[in-house]
>>> print(open('model_11.cif').read())   # mmCIF, C-alpha atoms
data_structure
#
loop_
_atom_site.label_atom_id
_atom_site.label_comp_id
_atom_site.auth_asym_id
_atom_site.auth_seq_id
_atom_site.Cartn_x
_atom_site.Cartn_y
_atom_site.Cartn_z
CA MET A 290 70.47 104.79 91.09
CA PRO A 291 71.22 108.46 91.88
CA SER A 292 74.85 109.52 92.13
CA VAL A 293 74.30 112.18 94.84
CA TRP A 294 72.80 111.63 98.30
CA VAL A 295 72.24 114.73 100.44
CA GLU A 296 70.22 114.62 103.64
CA LEU A 297 69.56 116.46 106.90
CA MET A 298 68.40 113.99 109.54
CA GLY A 299 67.28 113.84 113.14
CA ASP A 300 68.26 110.20 113.59
CA PRO A 301 71.79 108.78 113.75
CA ILE A 302 73.57 108.74 110.40
CA PRO A 303 73.29 105.27 108.79
CA LEU A 304 77.02 104.74 108.23
CA ALA A 305 76.60 101.28 106.71
CA ARG A 306 74.07 102.59 104.17
CA VAL A 307 76.43 105.44 103.25
CA ALA A 308 79.26 102.94 102.70
CA GLU A 309 76.97 100.76 100.58
CA PHE A 310 75.92 103.79 98.49
CA ILE A 311 79.44 105.14 97.96
CA HIS A 312 80.91 101.72 97.11
CA GLY A 313 78.06 100.91 94.71
CA ASP A 314 79.71 102.17 91.51
CA PRO A 315 82.17 99.67 89.97
CA SER A 316 83.72 102.39 87.77
CA VAL A 317 85.32 104.20 90.72
CA GLY A 318 88.48 103.21 92.53
CA GLY A 319 89.21 106.12 94.87
CA ILE A 320 86.85 106.42 97.83
CA VAL A 321 87.37 108.97 100.60
CA THR A 322 85.15 109.42 103.64
CA PHE A 323 85.17 112.03 106.40
CA GLU A 324 83.15 111.50 109.58
CA GLY A 325 82.82 114.39 112.01
CA ALA A 326 82.02 113.24 115.55
CA THR A 327 81.16 115.30 118.61
CA ARG A 328 84.27 115.80 120.73
CA LEU A 329 84.02 115.51 124.50
CA GLU A 330 85.16 118.94 125.66
CA SER A 331 85.36 120.69 128.99
CA ASP A 332 84.90 124.32 129.84
CA ALA A 333 86.60 125.62 133.02
CA GLU A 334 83.48 127.51 134.06
CA HIS A 335 80.68 125.25 132.79
CA GLY A 336 82.03 121.70 133.01
CA THR A 337 81.82 118.88 130.50
CA LEU A 338 79.99 119.14 127.19
CA ARG A 339 76.70 117.20 127.44
CA TYR A 340 75.72 117.42 123.77
CA LEU A 341 75.61 119.59 120.66
CA GLU A 342 72.35 120.90 119.28
CA TYR A 343 72.20 121.50 115.51
CA GLU A 344 69.59 123.67 113.83
CA ALA A 345 69.19 124.54 110.17
CA TYR A 346 67.23 126.68 107.81
CA ARG A 347 66.25 123.38 106.21
CA ALA A 348 65.16 124.48 102.70
CA MET A 349 68.18 126.74 102.22
CA ALA A 350 70.61 124.22 103.72
CA MET A 351 69.36 121.47 101.42
CA ARG A 352 69.78 123.70 98.34
CA GLN A 353 73.29 124.62 99.48
CA LEU A 354 74.27 120.99 100.16
CA GLU A 355 72.91 119.87 96.80
CA ARG A 356 74.88 122.60 95.05
CA ILE A 357 78.08 121.71 96.93
CA ALA A 358 77.64 118.02 96.06
CA GLN A 359 77.01 118.75 92.38
CA ASP A 360 79.91 121.25 92.17
CA ALA A 361 82.28 118.66 93.68
CA LYS A 362 80.97 115.93 91.39
CA ASP A 363 81.43 118.11 88.30
CA CYS A 364 84.81 119.61 89.26
CA TRP A 365 86.51 116.36 90.29
CA CYS A 366 84.62 114.02 87.92
CA LEU A 367 83.26 112.01 90.83
CA GLY A 368 81.02 109.00 90.42
CA ARG A 369 79.23 109.38 93.76
CA VAL A 370 78.89 112.01 96.50
CA ALA A 371 77.11 111.66 99.86
CA ILE A 372 76.67 114.47 102.40
CA LEU A 373 74.55 113.71 105.48
CA HIS A 374 74.27 116.03 108.50
CA ARG A 375 72.50 115.53 111.80
CA LEU A 376 70.04 118.01 113.24
CA GLY A 377 68.93 118.09 116.87
CA ARG A 378 70.94 116.66 119.78
CA VAL A 379 74.21 114.86 119.09
CA ALA A 380 76.02 113.28 122.04
CA PRO A 381 79.80 113.07 122.42
CA ALA A 382 81.33 110.38 120.16
CA ASP A 383 78.27 110.35 117.87
CA VAL A 384 78.75 111.27 114.21
CA SER A 385 77.20 114.61 113.29
CA VAL A 386 78.30 114.76 109.65
CA ILE A 387 79.60 112.43 106.97
CA VAL A 388 81.05 113.31 103.59
CA ALA A 389 81.83 110.43 101.26
CA VAL A 390 83.07 110.77 97.69
CA ALA A 391 84.09 108.27 95.03
CA GLY A 392 86.08 108.93 91.87
CA GLY A 393 88.28 107.19 89.35
CA HIS A 394 91.52 107.61 91.29
CA ARG A 395 92.63 108.86 94.73
CA ALA A 396 93.77 112.47 94.14
CA GLY A 397 90.41 113.92 93.12
CA PRO A 398 88.39 112.31 95.90
CA PHE A 399 90.89 113.48 98.56
CA GLU A 400 90.70 117.08 97.33
CA ALA A 401 86.94 116.94 96.84
CA CYS A 402 86.21 115.52 100.29
CA ARG A 403 88.22 118.26 102.00
CA TRP A 404 86.62 120.96 99.84
CA VAL A 405 83.11 119.65 100.59
CA ILE A 406 83.51 119.60 104.39
CA ASP A 407 85.28 122.98 104.45
CA THR A 408 82.59 124.55 102.24
CA LEU A 409 79.78 122.96 104.24
CA LYS A 410 81.20 124.31 107.52
CA SER A 411 81.58 127.84 106.17
CA HIS A 412 78.63 128.27 103.78
CA VAL A 413 75.66 126.12 104.76
CA ALA A 414 72.77 127.38 106.92
CA ILE A 415 73.39 124.95 109.80
CA TRP A 416 74.12 126.26 113.30
CA LYS A 417 75.59 124.52 116.34
CA LYS A 418 74.96 125.11 120.04
CA ASP A 419 77.16 123.60 122.80
CA VAL A 420 75.29 122.52 125.95
CA PHE A 421 77.38 121.97 129.09
CA ALA A 422 76.91 120.03 132.35
CA ASP A 423 75.71 123.11 134.26
CA GLY A 424 73.10 123.88 131.59
CA HIS A 425 75.08 126.73 130.00
CA GLU A 426 74.45 127.02 126.26
CA ARG A 427 76.86 128.60 123.78
CA TRP A 428 76.17 129.09 120.07
CA ALA A 429 79.09 128.64 117.71
CA GLU A 430 80.05 131.67 115.65
CA SER A 431 77.12 132.61 113.47
CA LYS A 432 77.14 132.98 109.70
CA VAL A 433 75.33 135.68 107.73
CA TRP A 434 73.08 134.41 104.93
CA ASP A 435 71.62 136.17 101.95
CA GLU A 436 71.17 133.46 99.35
CA GLY A 437 70.02 135.95 96.72
CA THR A 438 73.33 137.79 96.74
CA GLU A 439 75.59 134.90 97.70
CA GLU A 440 78.50 134.77 95.29
CA ARG A 441 79.24 131.47 93.61
CA ARG A 442 82.13 129.63 95.23
CA GLU A 443 84.00 127.51 92.73
CA PRO A 444 85.85 124.39 93.79
CA ARG A 445 89.58 124.49 93.36
CA ALA A 446 90.39 122.04 90.61
#
>>> encode(input="model_11.cif", output="structure tokens")
Amino acid sequence: MPSVWVELMGDPIPLARVAEFIHGDPSVGGIVTFEGATRLESDAEHGTLRYLEYEAYRAMAMRQLERIAQDAKDCWCLGRVAILHRLGRVAPADVSVIVAVAGGHRAGPFEACRWVIDTLKSHVAIWKKDVFADGHERWAESKVWDEGTEERREPRA
């Protein structure tokens, strides 16, 4: 069985399958999971958030996610790493991203999980648009991508 699961998906994230995958290695004892769900927000001018819309440069984002997963696995000696992110519409309270890591003890997985989500949010070619009750759309702050010149970001060990 593979030790890394990375996926961009249009359907809801299969949380039970992620738990089954991450718990499937009897040599690990520290398992840490982060689920990012869409928050119900309000904007004074545009009303309540109806949904988020995620888009990605799919090929680049997959390469970046695979590299992040492998870097975390190598740096923190993890047994398993899962990173799944939704694309398309995500309603309030629905999970848009999950990061799950498993290692020998608790310290490494805690550090790795935080590093993975922080690195994903700042360095992966996935963009988010807020769509409000009145139809107003607002893109989250954009990132600039040039994979050919992107410097290697090392995990903090």
>>> residues_around(input="model_11.cif", residues="stretch 420-430 of chain A", least_positions_apart="3", cutoff="12 Å", atoms="only C-alpha atoms", output="number ranges by chain")
A: 327, 329-344, 377-381, 410-411, 415-417, 433
>>> closest_atom_pairs(input="model_11.cif", of="stretch 385-427 of chain A", to="stretch 349-363 of chain A", cutoff="10 Å", atoms="all atoms listed in the file", output="tab-separated table")
residue	atom	partner	partner_atom	distance
A:Val388	CA	A:Ala358	CA	9.5
A:Val390	CA	A:Lys362	CA	8.4
A:Ala391	CA	A:Lys362	CA	9.0
A:Gly392	CA	A:Lys362	CA	8.7
A:Gly397	CA	A:Ala361	CA	9.4
A:Pro398	CA	A:Ala361	CA	9.1
A:Glu400	CA	A:Ala361	CA	9.3
A:Ala401	CA	A:Ala361	CA	5.9
A:Cys402	CA	A:Ala361	CA	8.3
A:Trp404	CA	A:Ala361	CA	7.9
A:Val405	CA	A:Ile357	CA	6.6
A:Ile406	CA	A:Ile357	CA	9.5
A:Thr408	CA	A:Ile357	CA	7.5
A:Leu409	CA	A:Leu354	CA	7.1
A:His412	CA	A:Gln353	CA	7.8
A:Val413	CA	A:Ala350	CA	5.5
A:Ala414	CA	A:Ala350	CA	5.0
A:Ile415	CA	A:Ala350	CA	6.7
>>> atom_distance(input="model_11.cif", atom1="atom CA of A:Asp383", atom2="atom CA of A:Pro301")
7.8 Å
>>> resolve_selection(input="model_11.cif", expression="the PyMOL selection byres ((chain A and resi 302) around 12)", output="PyMOL selection string")
chain A and resi 295-301+303-308+324-326+371-376+379+383-388
>>> closest_residue(input="model_11.cif", among="A:Ala382, A:Ala345, A:Val370, A:Asp407", to="A:Pro291", atoms="all atoms listed in the file")
A:Val370
>>> atom_distance(input="model_11.cif", atom1="atom CA of A:Ile311", atom2="atom CA of A:Ala396")
16.5 Å
>>> build_atoms(input="model_11.cif", residues="stretch 295-312 of chain A", atoms="N, CA and C atoms", output="tab-separated table (two decimals), keeping the file's coordinate frame")
chain	number	residue	atom	x	y	z
A	295	VAL	N	72.13	113.61	99.50
A	295	VAL	CA	72.24	114.73	100.44
A	295	VAL	C	71.05	114.65	101.38
A	296	GLU	N	71.32	114.73	102.69
A	296	GLU	CA	70.22	114.62	103.64
A	296	GLU	C	70.55	115.31	104.96
A	297	LEU	N	69.53	115.94	105.54
A	297	LEU	CA	69.56	116.46	106.90
A	297	LEU	C	68.67	115.52	107.70
A	298	MET	N	69.16	115.02	108.84
A	298	MET	CA	68.40	113.99	109.54
A	298	MET	C	68.45	114.16	111.05
A	299	GLY	N	67.36	113.80	111.69
A	299	GLY	CA	67.28	113.84	113.14
A	299	GLY	C	67.78	112.58	113.80
A	300	ASP	N	67.80	111.49	113.07
A	300	ASP	CA	68.26	110.20	113.59
A	300	ASP	C	69.75	110.03	113.34
A	301	PRO	N	70.38	109.05	114.02
A	301	PRO	CA	71.79	108.78	113.75
A	301	PRO	C	72.04	108.50	112.27
A	302	ILE	N	73.20	108.92	111.80
A	302	ILE	CA	73.57	108.74	110.40
A	302	ILE	C	73.78	107.24	110.14
A	303	PRO	N	73.15	106.70	109.10
A	303	PRO	CA	73.29	105.27	108.79
A	303	PRO	C	74.61	105.00	108.06
A	304	LEU	N	75.68	104.86	108.81
A	304	LEU	CA	77.02	104.74	108.23
A	304	LEU	C	77.13	103.56	107.27
A	305	ALA	N	76.52	102.45	107.60
A	305	ALA	CA	76.60	101.28	106.71
A	305	ALA	C	75.90	101.55	105.38
A	306	ARG	N	74.77	102.25	105.42
A	306	ARG	CA	74.07	102.59	104.17
A	306	ARG	C	74.88	103.57	103.33
A	307	VAL	N	75.58	104.50	103.99
A	307	VAL	CA	76.43	105.44	103.25
A	307	VAL	C	77.56	104.66	102.57
A	308	ALA	N	78.19	103.75	103.29
A	308	ALA	CA	79.26	102.94	102.70
A	308	ALA	C	78.74	102.12	101.52
A	309	GLU	N	77.57	101.54	101.66
A	309	GLU	CA	76.97	100.76	100.58
A	309	GLU	C	76.71	101.64	99.35
A	310	PHE	N	76.19	102.85	99.58
A	310	PHE	CA	75.92	103.79	98.49
A	310	PHE	C	77.22	104.19	97.78
A	311	ILE	N	78.22	104.58	98.54
A	311	ILE	CA	79.44	105.14	97.96
A	311	ILE	C	80.27	104.07	97.26
A	312	HIS	N	80.17	102.82	97.72
A	312	HIS	CA	80.91	101.72	97.11
A	312	HIS	C	80.14	101.08	95.96
